[in-house]
>>> print(open('input_30.cif').read())   # mmCIF, C-alpha atoms; chains and numbers go by the auth columns
data_work
loop_
_atom_site.group_PDB
_atom_site.id
_atom_site.type_symbol
_atom_site.label_atom_id
_atom_site.label_comp_id
_atom_site.label_asym_id
_atom_site.label_seq_id
_atom_site.Cartn_x
_atom_site.Cartn_y
_atom_site.Cartn_z
_atom_site.B_iso_or_equiv
_atom_site.auth_seq_id
_atom_site.auth_asym_id
ATOM 1 C CA MET A 1 120.269 100.929 83.277 0.00 1 H
ATOM 2 C CA LEU A 2 123.123 102.863 81.753 0.00 2 H
ATOM 3 C CA PRO A 3 125.586 101.505 79.177 0.00 3 H
ATOM 4 C CA VAL A 4 128.395 101.516 81.741 0.00 4 H
ATOM 5 C CA GLN A 5 126.266 99.437 84.103 0.00 5 H
ATOM 6 C CA CYS A 6 125.693 96.902 81.340 0.00 6 H
ATOM 7 C CA ARG A 7 129.450 96.620 80.771 0.00 7 H
ATOM 8 C CA MET A 8 130.063 96.272 84.528 0.00 8 H
ATOM 9 C CA ALA A 9 127.334 93.645 84.867 0.00 9 H
ATOM 10 C CA ARG A 10 128.684 91.632 81.963 0.00 10 H
ATOM 11 C CA ALA A 11 132.183 91.759 83.450 0.00 11 H
ATOM 12 C CA ALA A 12 130.927 90.743 86.898 0.00 12 H
ATOM 13 C CA LEU A 13 129.157 87.746 85.400 0.00 13 H
ATOM 14 C CA GLY A 14 132.117 86.867 83.180 0.00 14 H
ATOM 15 C CA LEU A 15 130.019 87.102 80.029 0.00 15 H
ATOM 16 C CA LYS A 16 131.276 87.923 76.568 0.00 16 H
ATOM 17 C CA ILE A 17 129.081 90.102 74.365 0.00 17 H
ATOM 18 C CA ALA A 18 127.997 87.075 72.329 0.00 18 H
ATOM 19 C CA GLU A 19 127.025 85.173 75.482 0.00 19 H
ATOM 20 C CA LEU A 20 124.902 88.053 76.773 0.00 20 H
ATOM 21 C CA ALA A 21 123.312 88.459 73.354 0.00 21 H
ATOM 22 C CA GLU A 22 122.362 84.784 73.355 0.00 22 H
ATOM 23 C CA LEU A 23 120.888 84.975 76.865 0.00 23 H
ATOM 24 C CA ALA A 24 118.942 88.103 75.949 0.00 24 H
ATOM 25 C CA ARG A 25 117.922 86.747 72.534 0.00 25 H
ATOM 26 C CA MET A 26 119.346 89.867 70.912 0.00 26 H
ATOM 27 C CA SER A 27 121.992 90.406 68.285 0.00 27 H
ATOM 28 C CA THR A 28 125.555 91.107 69.340 0.00 28 H
ATOM 29 C CA ASN A 29 125.214 94.366 67.399 0.00 29 H
ATOM 30 C CA THR A 30 122.394 95.455 69.729 0.00 30 H
ATOM 31 C CA ILE A 31 124.544 94.840 72.816 0.00 31 H
ATOM 32 C CA VAL A 32 127.527 96.653 71.276 0.00 32 H
ATOM 33 C CA ARG A 33 125.356 99.588 70.232 0.00 33 H
ATOM 34 C CA PHE A 34 123.977 99.934 73.755 0.00 34 H
ATOM 35 C CA GLU A 35 127.326 99.547 75.510 0.00 35 H
ATOM 36 C CA THR A 36 128.867 102.226 73.281 0.00 36 H
ATOM 37 C CA GLY A 37 126.099 104.687 74.086 0.00 37 H
ATOM 38 C CA LYS A 38 123.945 104.430 70.987 0.00 38 H
ATOM 39 C CA GLU A 39 120.218 104.947 71.433 0.00 39 H
ATOM 40 C CA LEU A 40 117.980 101.877 71.757 0.00 40 H
ATOM 41 C CA LYS A 41 114.279 101.482 72.393 0.00 41 H
ATOM 42 C CA GLN A 42 113.531 101.626 76.119 0.00 42 H
ATOM 43 C CA SER A 43 111.777 98.253 75.858 0.00 43 H
ATOM 44 C CA THR A 44 115.012 96.682 74.547 0.00 44 H
ATOM 45 C CA ILE A 45 116.999 98.169 77.444 0.00 45 H
ATOM 46 C CA ASP A 46 114.355 96.937 79.890 0.00 46 H
ATOM 47 C CA ASP A 47 114.525 93.415 78.430 0.00 47 H
ATOM 48 C CA LEU A 48 118.316 93.422 78.721 0.00 48 H
ATOM 49 C CA ARG A 49 118.123 94.632 82.315 0.00 49 H
ATOM 50 C CA VAL A 50 115.737 91.804 83.255 0.00 50 H
ATOM 51 C CA VAL A 51 118.140 89.231 81.790 0.00 51 H
ATOM 52 C CA LEU A 52 121.016 90.655 83.828 0.00 52 H
ATOM 53 C CA GLU A 53 118.923 90.856 87.008 0.00 53 H
ATOM 54 C CA ASN A 54 117.845 87.238 86.539 0.00 54 H
ATOM 55 C CA ALA A 55 121.541 86.340 86.229 0.00 55 H
ATOM 56 C CA GLY A 56 122.224 87.870 89.658 0.00 56 H
ATOM 57 C CA ILE A 57 122.881 91.578 89.108 0.00 57 H
ATOM 58 C CA ILE A 58 121.487 94.366 91.273 0.00 58 H
ATOM 59 C CA PHE A 59 121.583 97.809 89.684 0.00 59 H
ATOM 60 C CA ILE A 60 122.547 100.717 91.926 0.00 60 H
ATOM 61 C CA PRO A 61 121.153 104.064 90.771 0.00 61 H
ATOM 62 C CA GLU A 62 123.092 107.309 90.647 0.00 62 H
ATOM 63 C CA ASN A 63 123.443 108.416 94.272 0.00 63 H
ATOM 64 C CA GLY A 64 126.002 111.194 94.074 0.00 64 H
ATOM 65 C CA ASP A 65 128.909 108.787 93.697 0.00 65 H
ATOM 66 C CA GLY A 66 127.846 107.438 90.321 0.00 66 H
ATOM 67 C CA PRO A 67 125.793 104.467 89.148 0.00 67 H
ATOM 68 C CA GLY A 68 126.934 100.926 89.782 0.00 68 H
ATOM 69 C CA ILE A 69 126.058 97.271 90.145 0.00 69 H
ATOM 70 C CA ARG A 70 126.502 94.495 92.656 0.00 70 H
ATOM 71 C CA LEU A 71 126.020 90.765 92.658 0.00 71 H
ATOM 72 C CA LYS A 72 123.138 89.259 94.619 0.00 72 H
ATOM 73 C CA LYS A 73 124.101 87.206 97.633 0.00 73 H
ATOM 74 C CA PRO A 74 123.872 83.497 96.917 0.00 74 H
ATOM 75 C CA ALA A 75 120.750 81.847 98.324 0.00 75 H
ATOM 76 C CA SER A 76 121.425 80.151 101.647 0.00 76 H
#
>>> encode(input="input_30.cif", output="structure tokens")
Amino acid sequence: MLPVQCRMARAALGLKIAELAELARMSTNTIVRFETGKELKQSTIDDLRVVLENAGIIFIPENGDGPGIRLKKPAS
């Protein structure tokens, strides 16, 4: 997960930084540091990604057109 994908995911879910931090059990400073491109431990990024995936985000890897996200389809 890239910082831009985190920002996109948060926007898609309508989450403020503080709300994501609470869900992820991280400080708001950690989220801000990541979203602004500061280095974090890979385990912290992985934990954050799992929280966003559990909230309904699918991460799209770089495929020539850039990385992205999408929302999971609601369960039928």
>>> residues_near_point(input="input_30.cif", point="(127.6, 100.3, 78.0)", cutoff="6 Å", atoms="only C-alpha atoms", output="MDAnalysis selection string")
chainID H and resid 3:4 6:7 34:36
>>> resolve_selection(input="input_30.cif", expression="the PyMOL selection byres ((chain H and resi 17) around 12)", output="compact mmCIF listing (two decimals) with C-alpha atoms, in the coordinates of the input")
# COMPACT_ATOMS: atom_id res chain seq x y z
CA CYS H 6 125.69 96.90 81.34
CA ARG H 7 129.45 96.62 80.77
CA MET H 8 130.06 96.27 84.53
CA ALA H 9 127.33 93.64 84.87
CA ARG H 10 128.68 91.63 81.96
CA ALA H 11 132.18 91.76 83.45
CA LEU H 13 129.16 87.75 85.40
CA GLY H 14 132.12 86.87 83.18
CA LEU H 15 130.02 87.10 80.03
CA LYS H 16 131.28 87.92 76.57
CA ALA H 18 128.00 87.08 72.33
CA GLU H 19 127.02 85.17 75.48
CA LEU H 20 124.90 88.05 76.77
CA ALA H 21 123.31 88.46 73.35
CA GLU H 22 122.36 84.78 73.36
CA LEU H 23 120.89 84.98 76.86
CA ALA H 24 118.94 88.10 75.95
CA ARG H 25 117.92 86.75 72.53
CA MET H 26 119.35 89.87 70.91
CA SER H 27 121.99 90.41 68.28
CA THR H 28 125.56 91.11 69.34
CA ASN H 29 125.21 94.37 67.40
CA THR H 30 122.39 95.46 69.73
CA ILE H 31 124.54 94.84 72.82
CA VAL H 32 127.53 96.65 71.28
CA ARG H 33 125.36 99.59 70.23
CA PHE H 34 123.98 99.93 73.76
CA GLU H 35 127.33 99.55 75.51
>>> atom_distance(input="input_30.cif", atom1="atom CA of Ile57 of chain H", atom2="atom CA of Ala12 of chain H")
8.4 Å
>>> axis_aligned_box(input="input_30.cif", around="segment 57-67 of chain H", padding_each_side="8 Å", output="lines of an AutoDock Vina configuration file")
center_x = 125.0
center_y = 101.4
center_z = 91.7
size_x = 23.8
size_y = 35.6
size_z = 21.2
>>> residues_around(input="input_30.cif", residues="Ile58 of chain H", least_positions_apart="6", cutoff="9 Å", atoms="all atoms listed in the file", output="JSON, numbers by chain")
{"H": [9, 52, 68, 69, 70, 71, 72]}
>>> atom_distance(input="input_30.cif", atom1="atom CA of Ile45 of chain H", atom2="atom CA of Pro74 of chain H")
25.3 Å
>>> atom_distance(input="input_30.cif", atom1="atom CA of Thr44 of chain H", atom2="atom CA of Gln5 of chain H")
15.0 Å
>>> closest_residue(input="input_30.cif", among="H:Leu48, H:Met1, H:Glu39, H:Lys73", to="Ile60 of chain H", atoms="all atoms listed in the file")
H:Met1
>>> decode(input="input_30.cif", residues="segment 13-27 of chain H", atoms="all heavy atoms", output="mmCIF file, in the first residue's frame")
data_model
loop_
_atom_site.group_PDB
_atom_site.id
_atom_site.type_symbol
_atom_site.label_atom_id
_atom_site.label_comp_id
_atom_site.auth_asym_id
_atom_site.auth_seq_id
_atom_site.Cartn_x
_atom_site.Cartn_y
_atom_site.Cartn_z
ATOM 1 N N LEU H 13 -14.004 5.790 2.135
ATOM 2 C CA LEU H 13 -14.765 5.333 3.294
ATOM 3 C C LEU H 13 -15.349 6.483 4.111
ATOM 4 O O LEU H 13 -16.111 6.261 5.049
ATOM 5 C CB LEU H 13 -13.865 4.477 4.204
ATOM 6 C CG LEU H 13 -13.377 3.161 3.600
ATOM 7 C CD1 LEU H 13 -12.301 2.551 4.477
ATOM 8 C CD2 LEU H 13 -14.540 2.205 3.382
ATOM 9 N N GLY H 14 -14.975 7.711 3.759
ATOM 10 C CA GLY H 14 -15.467 8.875 4.488
ATOM 11 C C GLY H 14 -14.895 8.979 5.891
ATOM 12 O O GLY H 14 -15.575 9.466 6.800
ATOM 13 N N LEU H 15 -13.646 8.539 6.051
ATOM 14 C CA LEU H 15 -13.015 8.555 7.365
ATOM 15 C C LEU H 15 -12.074 9.739 7.523
ATOM 16 O O LEU H 15 -11.303 10.049 6.615
ATOM 17 C CB LEU H 15 -12.193 7.277 7.583
ATOM 18 C CG LEU H 15 -12.950 5.962 7.657
ATOM 19 C CD1 LEU H 15 -11.963 4.801 7.734
ATOM 20 C CD2 LEU H 15 -13.885 5.954 8.856
ATOM 21 N N LYS H 16 -12.136 10.366 8.670
ATOM 22 C CA LYS H 16 -11.149 11.379 9.031
ATOM 23 C C LYS H 16 -9.916 10.646 9.549
ATOM 24 O O LYS H 16 -9.983 9.471 9.915
ATOM 25 C CB LYS H 16 -11.704 12.302 10.112
ATOM 26 C CG LYS H 16 -12.888 13.104 9.636
ATOM 27 C CD LYS H 16 -13.438 13.957 10.749
ATOM 28 C CE LYS H 16 -14.647 14.723 10.229
ATOM 29 N NZ LYS H 16 -15.294 15.498 11.262
ATOM 30 N N ILE H 17 -8.796 11.347 9.603
ATOM 31 C CA ILE H 17 -7.560 10.737 10.093
ATOM 32 C C ILE H 17 -7.753 10.155 11.490
ATOM 33 O O ILE H 17 -7.343 9.025 11.766
ATOM 34 C CB ILE H 17 -6.398 11.754 10.068
ATOM 35 C CG1 ILE H 17 -6.014 12.055 8.619
ATOM 36 C CG2 ILE H 17 -5.197 11.243 10.854
ATOM 37 C CD1 ILE H 17 -4.998 13.161 8.446
ATOM 38 N N ALA H 18 -8.407 10.894 12.364
ATOM 39 C CA ALA H 18 -8.620 10.421 13.735
ATOM 40 C C ALA H 18 -9.469 9.152 13.770
ATOM 41 O O ALA H 18 -9.233 8.254 14.584
ATOM 42 C CB ALA H 18 -9.260 11.515 14.579
ATOM 43 N N GLU H 19 -10.446 9.062 12.885
ATOM 44 C CA GLU H 19 -11.305 7.874 12.839
ATOM 45 C C GLU H 19 -10.519 6.646 12.370
ATOM 46 O O GLU H 19 -10.667 5.553 12.923
ATOM 47 C CB GLU H 19 -12.501 8.124 11.930
ATOM 48 C CG GLU H 19 -13.459 9.159 12.477
ATOM 49 C CD GLU H 19 -14.495 9.623 11.480
ATOM 50 O OE1 GLU H 19 -14.193 9.709 10.265
ATOM 51 O OE2 GLU H 19 -15.622 9.907 11.924
ATOM 52 N N LEU H 20 -9.685 6.826 11.346
ATOM 53 C CA LEU H 20 -8.856 5.721 10.881
ATOM 54 C C LEU H 20 -7.857 5.313 11.958
ATOM 55 O O LEU H 20 -7.640 4.127 12.197
ATOM 56 C CB LEU H 20 -8.127 6.082 9.578
ATOM 57 C CG LEU H 20 -7.189 5.011 9.036
ATOM 58 C CD1 LEU H 20 -7.905 3.677 8.824
ATOM 59 C CD2 LEU H 20 -6.541 5.488 7.743
ATOM 60 N N ALA H 21 -7.276 6.281 12.614
ATOM 61 C CA ALA H 21 -6.321 5.990 13.689
ATOM 62 C C ALA H 21 -6.986 5.163 14.790
ATOM 63 O O ALA H 21 -6.391 4.211 15.297
ATOM 64 C CB ALA H 21 -5.750 7.290 14.253
ATOM 65 N N GLU H 22 -8.207 5.507 15.125
ATOM 66 C CA GLU H 22 -8.925 4.757 16.162
ATOM 67 C C GLU H 22 -9.197 3.326 15.701
ATOM 68 O O GLU H 22 -8.977 2.368 16.447
ATOM 69 C CB GLU H 22 -10.234 5.462 16.507
ATOM 70 C CG GLU H 22 -10.970 4.814 17.661
ATOM 71 C CD GLU H 22 -12.209 5.586 18.068
ATOM 72 O OE1 GLU H 22 -12.229 6.820 17.931
ATOM 73 O OE2 GLU H 22 -13.159 4.930 18.525
ATOM 74 N N LEU H 23 -9.665 3.173 14.473
ATOM 75 C CA LEU H 23 -9.925 1.831 13.935
ATOM 76 C C LEU H 23 -8.661 0.981 13.909
ATOM 77 O O LEU H 23 -8.697 -0.216 14.184
ATOM 78 C CB LEU H 23 -10.480 1.923 12.506
ATOM 79 C CG LEU H 23 -11.932 2.303 12.322
ATOM 80 C CD1 LEU H 23 -12.252 2.468 10.842
ATOM 81 C CD2 LEU H 23 -12.835 1.240 12.936
ATOM 82 N N ALA H 24 -7.555 1.608 13.542
ATOM 83 C CA ALA H 24 -6.283 0.903 13.405
ATOM 84 C C ALA H 24 -5.519 0.797 14.716
ATOM 85 O O ALA H 24 -4.473 0.157 14.761
ATOM 86 C CB ALA H 24 -5.422 1.605 12.349
ATOM 87 N N ARG H 25 -6.043 1.442 15.756
ATOM 88 C CA ARG H 25 -5.366 1.476 17.061
ATOM 89 C C ARG H 25 -3.945 2.016 16.918
ATOM 90 O O ARG H 25 -2.982 1.433 17.414
ATOM 91 C CB ARG H 25 -5.375 0.099 17.716
ATOM 92 C CG ARG H 25 -6.763 -0.373 18.041
ATOM 93 C CD ARG H 25 -6.751 -1.641 18.828
ATOM 94 N NE ARG H 25 -8.121 -1.984 19.196
ATOM 95 C CZ ARG H 25 -8.633 -3.188 19.059
ATOM 96 N NH1 ARG H 25 -7.906 -4.167 18.589
ATOM 97 N NH2 ARG H 25 -9.871 -3.419 19.408
ATOM 98 N N MET H 26 -3.862 3.129 16.175
ATOM 99 C CA MET H 26 -2.600 3.828 15.960
ATOM 100 C C MET H 26 -2.808 5.286 16.309
ATOM 101 O O MET H 26 -3.936 5.752 16.391
ATOM 102 C CB MET H 26 -2.174 3.743 14.488
ATOM 103 C CG MET H 26 -1.905 2.372 13.987
ATOM 104 S SD MET H 26 -1.479 2.387 12.234
ATOM 105 C CE MET H 26 -1.360 0.636 11.952
ATOM 106 N N SER H 27 -1.725 6.010 16.461
ATOM 107 C CA SER H 27 -1.859 7.442 16.722
ATOM 108 C C SER H 27 -2.177 8.173 15.421
ATOM 109 O O SER H 27 -1.864 7.697 14.332
ATOM 110 C CB SER H 27 -0.562 7.995 17.324
ATOM 111 O OG SER H 27 0.451 8.043 16.343
#
